[in-house]
Amino acid sequence: MQSGKPLEAAIREKAAELGFVACGIARADAAPRAGERLHRWIAEGCHGDMIWMAERAHQRESPRALWPKVRSVIALGMSYAPRHDPLALASVGDHGRISVYAQGADYHDVMKRALKALGRWLAETGGAELKVFVDTAPVMEKPLAQAAGLGWQGKHSNLVSRAHGSWLFLGAIYTTLELDPDAPGGDRCGSCNACQTACPTDAFPAPYRLDARRCISYLTIEHKGPIPEEFRAGIGNRIYGCDDCLAVCPWNKFASAAAANLAFTPRAELTAPALADLLALDDAAFRETFAGSPIKRIGRDRMVRNCLIAAGNSGDPALLAPVERLLDDPDPVVRDAAQWARARLAGG
């Protein structure tokens, strides 16, 4: 450490150098109610097909349930604040809407590299044992980020930052170091219910509670089977994720696109893709189109299913021909979506 600088200050400085715009510290036991809320959410079935949430719930309960040696959690945030209105394509029916977070490089890769670099530095500087996590491990990043002072979990259940709005990717470092914790973030949603009323599929049974089974992000990304018909019209032209509840949050007025990591700069072909082009994708073309993107993990069939739902909602007769070419697709879920889209476009 330089000239007696406290380790906590040095961690924040190094984190900023590596591209993190938010960094806070919490004790490993700083979010005691997170496990209780998780088990209630799972018991209500709100996790849908995300079986891994239930299978590893015992490890998600608290950092020490996953790693008994952890003493402190370093919560980190990397900005992907958009330069353009995420809702701008809502009325452009023949183009698909991809969630802002997925229009650039895969955040798993970008965050993991930065977290590992910070971890190596911390191990050398503080002589600590540590583990780094981003999204794929049984870690409850949002309550830990709130405990570490990065913001608070808003009524849409995502983290909200006073400085960066709703546009933060979250990661965590568990360490055996005893670090001085930051003050937790306080809830500043007040009486605002913009995120609740913006949801087109009524995925919020109450403020601060999300039923994933009704959420467009879940339906278009995690759900593998046919999308329930009651939600298809509400999906509109969203083909991967949904930004509505995040985009309407008033705290976004403080978020600056200049703070966004350049790795998340949108790729031109993902900002407003034509549905007709995506409906023509085979497996090889899908992999080529979405190489280096988080979208690649859902595979061609799920993406084409989503595009068929969007085509059925478009009202554009020019999409009828590409839809009909998929009526005999090898995948039964794609065939189902094609039949539905054809009926909508043909007026039947």
# chains A, B, ... in the order shown; residues from 1 in each chain; ligands from 1
$ select_by_dssp --residues "region 5-141 of chain A" --states "helix (DSSP H, G or I)" --output "NGL selection string"
:A and (7-17 or 34-43 or 51-55 or 57-60 or 63-66 or 100-102 or 107-126 or 141)
$ select_by_dssp --residues "region 107-320 of chain A" --states "strand (DSSP E)" --output "PyMOL selection string"
chain A and resi 130-133+152-153+159-160+168-175+238-240
$ write_last_selection --atoms "N, CA, C and O atoms" --output "PDB file, in the first residue's frame"
ATOM      1  N   LEU A 130      -9.604 -15.206  -1.343  1.00  0.00           N
ATOM      2  CA  LEU A 130     -10.799 -14.560  -1.893  1.00  0.00           C
ATOM      3  C   LEU A 130     -11.391 -15.397  -3.015  1.00  0.00           C
ATOM      4  O   LEU A 130     -10.751 -16.299  -3.550  1.00  0.00           O
ATOM      5  N   LYS A 131     -12.635 -15.077  -3.347  1.00  0.00           N
ATOM      6  CA  LYS A 131     -13.341 -15.667  -4.478  1.00  0.00           C
ATOM      7  C   LYS A 131     -14.081 -14.547  -5.195  1.00  0.00           C
ATOM      8  O   LYS A 131     -14.606 -13.630  -4.551  1.00  0.00           O
ATOM      9  N   VAL A 132     -14.131 -14.622  -6.528  1.00  0.00           N
ATOM     10  CA  VAL A 132     -14.819 -13.586  -7.305  1.00  0.00           C
ATOM     11  C   VAL A 132     -16.048 -14.182  -7.980  1.00  0.00           C
ATOM     12  O   VAL A 132     -16.041 -15.340  -8.393  1.00  0.00           O
ATOM     13  N   PHE A 133     -17.105 -13.366  -8.087  1.00  0.00           N
ATOM     14  CA  PHE A 133     -18.368 -13.854  -8.624  1.00  0.00           C
ATOM     15  C   PHE A 133     -19.027 -12.804  -9.511  1.00  0.00           C
ATOM     16  O   PHE A 133     -19.025 -11.621  -9.188  1.00  0.00           O
ATOM     17  N   TRP A 152     -29.982   0.770  -3.575  1.00  0.00           N
ATOM     18  CA  TRP A 152     -31.027   0.025  -2.877  1.00  0.00           C
ATOM     19  C   TRP A 152     -31.813  -0.782  -3.891  1.00  0.00           C
ATOM     20  O   TRP A 152     -31.831  -0.470  -5.082  1.00  0.00           O
ATOM     21  N   GLN A 153     -32.445  -1.860  -3.433  1.00  0.00           N
ATOM     22  CA  GLN A 153     -33.307  -2.637  -4.315  1.00  0.00           C
ATOM     23  C   GLN A 153     -34.631  -1.913  -4.455  1.00  0.00           C
ATOM     24  O   GLN A 153     -35.382  -1.749  -3.486  1.00  0.00           O
ATOM     25  N   LEU A 159     -31.299  -3.260  -8.439  1.00  0.00           N
ATOM     26  CA  LEU A 159     -30.596  -2.228  -7.698  1.00  0.00           C
ATOM     27  C   LEU A 159     -30.777  -0.873  -8.385  1.00  0.00           C
ATOM     28  O   LEU A 159     -30.743  -0.783  -9.610  1.00  0.00           O
ATOM     29  N   VAL A 160     -30.961   0.159  -7.586  1.00  0.00           N
ATOM     30  CA  VAL A 160     -31.023   1.534  -8.072  1.00  0.00           C
ATOM     31  C   VAL A 160     -29.913   2.313  -7.391  1.00  0.00           C
ATOM     32  O   VAL A 160     -29.762   2.263  -6.168  1.00  0.00           O
ATOM     33  N   LEU A 168     -26.494  -0.747 -13.775  1.00  0.00           N
ATOM     34  CA  LEU A 168     -25.250  -1.289 -13.224  1.00  0.00           C
ATOM     35  C   LEU A 168     -25.217  -2.804 -13.346  1.00  0.00           C
ATOM     36  O   LEU A 168     -26.162  -3.489 -12.939  1.00  0.00           O
ATOM     37  N   PHE A 169     -24.134  -3.326 -13.887  1.00  0.00           N
ATOM     38  CA  PHE A 169     -23.833  -4.746 -13.742  1.00  0.00           C
ATOM     39  C   PHE A 169     -23.169  -4.918 -12.379  1.00  0.00           C
ATOM     40  O   PHE A 169     -22.332  -4.101 -11.985  1.00  0.00           O
ATOM     41  N   LEU A 170     -23.523  -5.989 -11.691  1.00  0.00           N
ATOM     42  CA  LEU A 170     -23.006  -6.200 -10.338  1.00  0.00           C
ATOM     43  C   LEU A 170     -22.089  -7.408 -10.269  1.00  0.00           C
ATOM     44  O   LEU A 170     -22.327  -8.433 -10.918  1.00  0.00           O
ATOM     45  N   GLY A 171     -21.049  -7.283  -9.472  1.00  0.00           N
ATOM     46  CA  GLY A 171     -20.151  -8.388  -9.182  1.00  0.00           C
ATOM     47  C   GLY A 171     -19.773  -8.330  -7.712  1.00  0.00           C
ATOM     48  O   GLY A 171     -20.065  -7.352  -7.017  1.00  0.00           O
ATOM     49  N   ALA A 172     -19.138  -9.378  -7.233  1.00  0.00           N
ATOM     50  CA  ALA A 172     -18.770  -9.426  -5.815  1.00  0.00           C
ATOM     51  C   ALA A 172     -17.458 -10.173  -5.629  1.00  0.00           C
ATOM     52  O   ALA A 172     -17.138 -11.105  -6.377  1.00  0.00           O
ATOM     53  N   ILE A 173     -16.721  -9.738  -4.633  1.00  0.00           N
ATOM     54  CA  ILE A 173     -15.528 -10.456  -4.185  1.00  0.00           C
ATOM     55  C   ILE A 173     -15.742 -10.832  -2.725  1.00  0.00           C
ATOM     56  O   ILE A 173     -16.021  -9.962  -1.886  1.00  0.00           O
ATOM     57  N   TYR A 174     -15.674 -12.114  -2.435  1.00  0.00           N
ATOM     58  CA  TYR A 174     -15.703 -12.592  -1.058  1.00  0.00           C
ATOM     59  C   TYR A 174     -14.253 -12.720  -0.587  1.00  0.00           C
ATOM     60  O   TYR A 174     -13.416 -13.272  -1.309  1.00  0.00           O
ATOM     61  N   THR A 175     -13.963 -12.237   0.603  1.00  0.00           N
ATOM     62  CA  THR A 175     -12.596 -12.290   1.092  1.00  0.00           C
ATOM     63  C   THR A 175     -12.544 -12.614   2.578  1.00  0.00           C
ATOM     64  O   THR A 175     -13.499 -12.349   3.316  1.00  0.00           O
ATOM     65  N   ARG A 238     -40.344  -7.147 -28.218  1.00  0.00           N
ATOM     66  CA  ARG A 238     -39.169  -7.449 -27.388  1.00  0.00           C
ATOM     67  C   ARG A 238     -38.724  -8.877 -27.681  1.00  0.00           C
ATOM     68  O   ARG A 238     -39.469  -9.822 -27.453  1.00  0.00           O
ATOM     69  N   ILE A 239     -37.512  -9.023 -28.149  1.00  0.00           N
ATOM     70  CA  ILE A 239     -37.039 -10.350 -28.554  1.00  0.00           C
ATOM     71  C   ILE A 239     -35.947 -10.894 -27.631  1.00  0.00           C
ATOM     72  O   ILE A 239     -35.595 -12.079 -27.728  1.00  0.00           O
ATOM     73  N   TYR A 240     -35.432 -10.059 -26.762  1.00  0.00           N
ATOM     74  CA  TYR A 240     -34.453 -10.542 -25.770  1.00  0.00           C
ATOM     75  C   TYR A 240     -34.461  -9.571 -24.597  1.00  0.00           C
ATOM     76  O   TYR A 240     -33.911  -8.484 -24.677  1.00  0.00           O
TER      77      TYR A 240
END
$ closest_residue --among "A:Ala26, A:Ala247, A:Leu278, A:Leu7" --to "Arg71 (chain A)" --atoms "only C-alpha atoms"
A:Ala26
$ closest_atom_pairs --of "region 149-224 of chain A" --to "region 306-319 of chain A" --cutoff "12 Å" --atoms "only C-alpha atoms" --output "tab-separated table"
residue	atom	partner	partner_atom	distance
A:Ile216	CA	A:Asn306	CA	10.4
A:Ser217	CA	A:Asn306	CA	11.1
A:Tyr218	CA	A:Asn306	CA	11.8
A:Leu219	CA	A:Asn306	CA	9.0
A:Thr220	CA	A:Asn306	CA	6.2
A:Ile221	CA	A:Asn306	CA	9.0
A:Glu222	CA	A:Asn306	CA	11.7
A:His223	CA	A:Asn306	CA	10.7
A:Lys224	CA	A:Asn306	CA	10.7
$ write_last_selection --atoms "all heavy atoms" --output "tab-separated table (two decimals), in the first residue's frame"
chain	number	residue	atom	x	y	z
A	216	ILE	N	-41.13	-10.48	-18.89
A	216	ILE	CA	-40.71	-10.64	-20.27
A	216	ILE	C	-39.24	-11.05	-20.37
A	216	ILE	O	-38.86	-11.84	-21.25
A	216	ILE	CB	-41.00	-9.36	-21.08
A	216	ILE	CG1	-42.51	-9.17	-21.22
A	216	ILE	CG2	-40.36	-9.42	-22.47
A	216	ILE	CD1	-42.92	-7.87	-21.88
A	217	SER	N	-38.41	-10.55	-19.48
A	217	SER	CA	-37.01	-10.97	-19.50
A	217	SER	C	-36.90	-12.47	-19.26
A	217	SER	O	-36.16	-13.18	-19.95
A	217	SER	CB	-36.20	-10.20	-18.45
A	217	SER	OG	-35.99	-8.88	-18.87
A	218	TYR	N	-37.64	-12.95	-18.29
A	218	TYR	CA	-37.64	-14.40	-18.02
A	218	TYR	C	-38.22	-15.17	-19.20
A	218	TYR	O	-37.64	-16.17	-19.66
A	218	TYR	CB	-38.46	-14.68	-16.77
A	218	TYR	CG	-38.82	-16.14	-16.60
A	218	TYR	CD1	-37.91	-17.05	-16.06
A	218	TYR	CD2	-40.08	-16.62	-17.00
A	218	TYR	CE1	-38.24	-18.40	-15.93
A	218	TYR	CE2	-40.41	-17.95	-16.87
A	218	TYR	CZ	-39.49	-18.84	-16.33
A	218	TYR	OH	-39.82	-20.17	-16.21
A	219	LEU	N	-39.34	-14.72	-19.72
A	219	LEU	CA	-40.03	-15.46	-20.78
A	219	LEU	C	-39.21	-15.55	-22.06
A	219	LEU	O	-39.23	-16.57	-22.75
A	219	LEU	CB	-41.38	-14.80	-21.08
A	219	LEU	CG	-42.44	-14.92	-19.98
A	219	LEU	CD1	-43.60	-13.98	-20.26
A	219	LEU	CD2	-42.94	-16.36	-19.85
A	220	THR	N	-38.46	-14.50	-22.37
A	220	THR	CA	-37.70	-14.48	-23.63
A	220	THR	C	-36.29	-15.04	-23.48
A	220	THR	O	-35.64	-15.34	-24.49
A	220	THR	CB	-37.61	-13.06	-24.20
A	220	THR	OG1	-37.01	-12.19	-23.21
A	220	THR	CG2	-38.98	-12.53	-24.60
A	221	ILE	N	-35.80	-15.17	-22.24
A	221	ILE	CA	-34.42	-15.63	-22.04
A	221	ILE	C	-34.36	-16.97	-21.33
A	221	ILE	O	-33.76	-17.93	-21.83
A	221	ILE	CB	-33.62	-14.58	-21.25
A	221	ILE	CG1	-33.56	-13.25	-22.02
A	221	ILE	CG2	-32.21	-15.09	-20.96
A	221	ILE	CD1	-32.94	-12.10	-21.25
A	222	GLU	N	-34.99	-17.09	-20.17
A	222	GLU	CA	-34.84	-18.30	-19.35
A	222	GLU	C	-35.84	-19.40	-19.71
A	222	GLU	O	-35.52	-20.59	-19.60
A	222	GLU	CB	-35.01	-17.94	-17.87
A	222	GLU	CG	-34.05	-16.86	-17.36
A	222	GLU	CD	-32.60	-17.27	-17.41
A	222	GLU	OE1	-32.32	-18.47	-17.58
A	222	GLU	OE2	-31.74	-16.38	-17.28
A	223	HIS	N	-37.02	-19.02	-20.11
A	223	HIS	CA	-38.08	-20.00	-20.38
A	223	HIS	C	-37.82	-20.71	-21.71
A	223	HIS	O	-37.66	-20.07	-22.75
A	223	HIS	CB	-39.43	-19.29	-20.42
A	223	HIS	CG	-40.59	-20.20	-20.64
A	223	HIS	ND1	-40.93	-21.20	-19.76
A	223	HIS	CD2	-41.49	-20.28	-21.65
A	223	HIS	CE1	-41.99	-21.85	-20.20
A	223	HIS	NE2	-42.35	-21.31	-21.36
A	224	LYS	N	-37.81	-22.04	-21.68
A	224	LYS	CA	-37.44	-22.81	-22.87
A	224	LYS	C	-38.62	-23.26	-23.72
A	224	LYS	O	-38.46	-23.50	-24.90
A	224	LYS	CB	-36.64	-24.04	-22.44
A	224	LYS	CG	-35.33	-23.72	-21.74
A	224	LYS	CD	-34.61	-24.98	-21.32
A	224	LYS	CE	-33.31	-24.66	-20.61
A	224	LYS	NZ	-32.60	-25.88	-20.15
$ closest_atom_pairs --of "region 254-300 of chain A" --to "region 92-97 of chain A" --cutoff "9 Å" --atoms "only C-alpha atoms" --output "CSV"
residue,atom,partner,partner_atom,distance
A:Leu270,CA,A:Arg97,CA,8.5
A:Thr271,CA,A:Arg97,CA,7.4
A:Ala272,CA,A:His95,CA,5.8
A:Pro273,CA,A:His95,CA,5.5
A:Ala274,CA,A:His95,CA,4.4
A:Leu275,CA,A:His95,CA,5.2
A:Ala276,CA,A:Asp94,CA,7.6
A:Leu278,CA,A:Gly96,CA,8.9
$ residues_around --residues "Glu61 (chain A)" --least-positions-apart "2" --cutoff "6 Å" --atoms "only C-alpha atoms" --output "list in words"
Gly35, His58 and Gln59 of chain A
$ atom_distance --atom1 "CA of Ala233 (chain A)" --atom2 "CA of Asn193 (chain A)"
23.0 Å
$ closest_residue --among "A:Asp49, A:Asp277, A:Asp336, A:Asp244" --to "Pro322 (chain A)" --atoms "only C-alpha atoms"
A:Asp277
$ residues_around --residues "Glu230 (chain A)" --least-positions-apart "3" --cutoff "10 Å" --atoms "only C-alpha atoms" --output "list in words"
Thr201, Arg214, Ile227, Ala233, Gly234 and Ile235 of chain A
$ closest_atom_pairs --of "region 16-39 of chain A" --to "region 184-192 of chain A" --cutoff "12 Å" --atoms "only C-alpha atoms" --output "JSON lines"
{"residue": "A:Gly24", "atom": "CA", "partner": "A:Pro184", "partner_atom": "CA", "distance": 9.0}
{"residue": "A:Ile25", "atom": "CA", "partner": "A:Pro184", "partner_atom": "CA", "distance": 9.1}
{"residue": "A:Ala26", "atom": "CA", "partner": "A:Pro184", "partner_atom": "CA", "distance": 8.0}
{"residue": "A:Arg27", "atom": "CA", "partner": "A:Pro184", "partner_atom": "CA", "distance": 10.5}
{"residue": "A:Ala30", "atom": "CA", "partner": "A:Pro184", "partner_atom": "CA", "distance": 8.8}
{"residue": "A:Ala31", "atom": "CA", "partner": "A:Pro184", "partner_atom": "CA", "distance": 9.7}
$ write_last_selection --atoms "C-alpha atoms" --output "PDB file, in the first residue's frame"
ATOM      1  CA  GLY A  24     -18.585  -0.734  -1.469  1.00  0.00           C
ATOM      2  CA  ILE A  25     -17.833  -3.076   1.400  1.00  0.00           C
ATOM      3  CA  ALA A  26     -20.179  -5.093   3.597  1.00  0.00           C
ATOM      4  CA  ARG A  27     -19.735  -7.616   6.336  1.00  0.00           C
ATOM      5  CA  ALA A  30     -24.839  -7.817   6.451  1.00  0.00           C
ATOM      6  CA  ALA A  31     -27.960  -9.013   4.585  1.00  0.00           C
TER       7      ALA A  31
END
$ residues_around --residues "region 83-88 of chain A" --least-positions-apart "6" --cutoff "9 Å" --atoms "only C-alpha atoms" --output "list in words"
Arg97, Ile98, Ser99, Val100, Asp243, Asp244, Ala247, Ser256, Ala257 and Ala258 of chain A
$ write_last_selection --atoms "N, CA and C atoms" --output "compact mmCIF listing (two decimals), in the first residue's frame"
# COMPACT_ATOMS: atom_id res chain seq x y z
N ARG A 97 -36.65 -5.53 -30.35
CA ARG A 97 -36.02 -4.77 -29.26
C ARG A 97 -35.20 -5.73 -28.40
N ILE A 98 -33.92 -5.42 -28.28
CA ILE A 98 -33.00 -6.18 -27.45
C ILE A 98 -32.65 -5.34 -26.24
N SER A 99 -32.70 -5.95 -25.06
CA SER A 99 -32.40 -5.22 -23.84
C SER A 99 -31.03 -4.54 -23.94
N VAL A 100 -30.93 -3.35 -23.38
CA VAL A 100 -29.71 -2.55 -23.47
C VAL A 100 -28.48 -3.35 -23.04
N ASP A 243 -36.57 -3.72 -20.93
CA ASP A 243 -36.00 -2.62 -20.15
C ASP A 243 -37.05 -1.72 -19.52
N ASP A 244 -38.33 -2.01 -19.73
CA ASP A 244 -39.35 -1.04 -19.38
C ASP A 244 -39.31 -0.59 -17.93
N ALA A 247 -36.15 1.48 -17.44
CA ALA A 247 -36.05 2.71 -18.22
C ALA A 247 -36.90 3.84 -17.67
N SER A 256 -25.15 8.85 -16.34
CA SER A 256 -24.47 9.41 -17.51
C SER A 256 -23.93 8.30 -18.38
N ALA A 257 -24.25 8.37 -19.67
CA ALA A 257 -23.72 7.37 -20.60
C ALA A 257 -22.20 7.44 -20.68
N ALA A 258 -21.64 8.59 -20.32
CA ALA A 258 -20.19 8.74 -20.35
C ALA A 258 -19.50 7.83 -19.34
$ atom_distance --atom1 "CA of Ala148 (chain A)" --atom2 "CA of Val73 (chain A)"
7.9 Å
$ atom_distance --atom1 "CA of Cys215 (chain A)" --atom2 "CA of Val110 (chain A)"
26.0 Å
$ closest_residue --among "A:Ser157, A:Asn252, A:Ser91, A:Ser72" --to "Phe204 (chain A)" --atoms "only C-alpha atoms"
A:Ser157
$ closest_residue --among "A:Leu327, A:Leu262, A:Ile51, A:Ala163" --to "Gly104 (chain A)" --atoms "only C-alpha atoms"
A:Leu262
$ residues_around --residues "region 279-293 of chain A" --least-positions-apart "3" --cutoff "6 Å" --atoms "only C-alpha atoms" --output "list of chain:residue names"
A:Ala105, A:Asp106, A:Ala276, A:Lys296, A:Arg300, A:Val304
$ write_last_selection --atoms "all heavy atoms" --output "CSV table (one decimal), in the first residue's frame"
chain,number,residue,atom,x,y,z
A,105,ALA,N,-20.8,-6.1,-25.6
A,105,ALA,CA,-20.0,-7.3,-25.2
A,105,ALA,C,-20.7,-8.1,-24.1
A,105,ALA,O,-21.4,-7.5,-23.3
A,105,ALA,CB,-18.6,-7.0,-24.9
A,106,ASP,N,-20.4,-9.3,-24.0
A,106,ASP,CA,-21.0,-10.2,-22.9
A,106,ASP,C,-20.4,-9.7,-21.5
A,106,ASP,O,-19.2,-9.7,-21.3
A,106,ASP,CB,-20.6,-11.6,-23.1
A,106,ASP,CG,-21.4,-12.6,-22.2
A,106,ASP,OD1,-21.8,-12.1,-21.1
A,106,ASP,OD2,-21.6,-13.7,-22.6
A,276,ALA,N,-37.3,-9.8,-40.1
A,276,ALA,CA,-37.2,-10.7,-41.2
A,276,ALA,C,-35.9,-11.3,-41.3
A,276,ALA,O,-35.7,-12.5,-41.6
A,276,ALA,CB,-37.5,-9.9,-42.5
A,296,LYS,N,-26.1,-15.3,-27.1
A,296,LYS,CA,-25.7,-16.6,-27.7
A,296,LYS,C,-26.1,-17.8,-26.8
A,296,LYS,O,-26.4,-18.9,-27.4
A,296,LYS,CB,-24.2,-16.7,-28.0
A,296,LYS,CG,-23.3,-16.7,-26.7
A,296,LYS,CD,-21.9,-16.7,-27.0
A,296,LYS,CE,-21.0,-16.7,-25.8
A,296,LYS,NZ,-21.1,-15.5,-24.9
A,300,ARG,N,-30.4,-20.7,-31.1
A,300,ARG,CA,-31.2,-20.2,-32.3
A,300,ARG,C,-32.7,-20.4,-32.1
A,300,ARG,O,-33.5,-19.5,-32.4
A,300,ARG,CB,-30.7,-20.9,-33.5
A,300,ARG,CG,-31.5,-20.7,-34.8
A,300,ARG,CD,-32.6,-21.7,-35.0
A,300,ARG,NE,-33.3,-21.5,-36.2
A,300,ARG,CZ,-34.4,-22.2,-36.6
A,300,ARG,NH1,-34.9,-23.2,-35.8
A,300,ARG,NH2,-35.1,-21.9,-37.7
A,304,VAL,N,-35.5,-17.5,-32.4
A,304,VAL,CA,-36.5,-17.4,-33.5
A,304,VAL,C,-37.9,-17.5,-32.9
A,304,VAL,O,-38.8,-16.8,-33.4
A,304,VAL,CB,-36.2,-18.6,-34.5
A,304,VAL,CG1,-37.3,-18.7,-35.5
A,304,VAL,CG2,-34.9,-18.4,-35.2
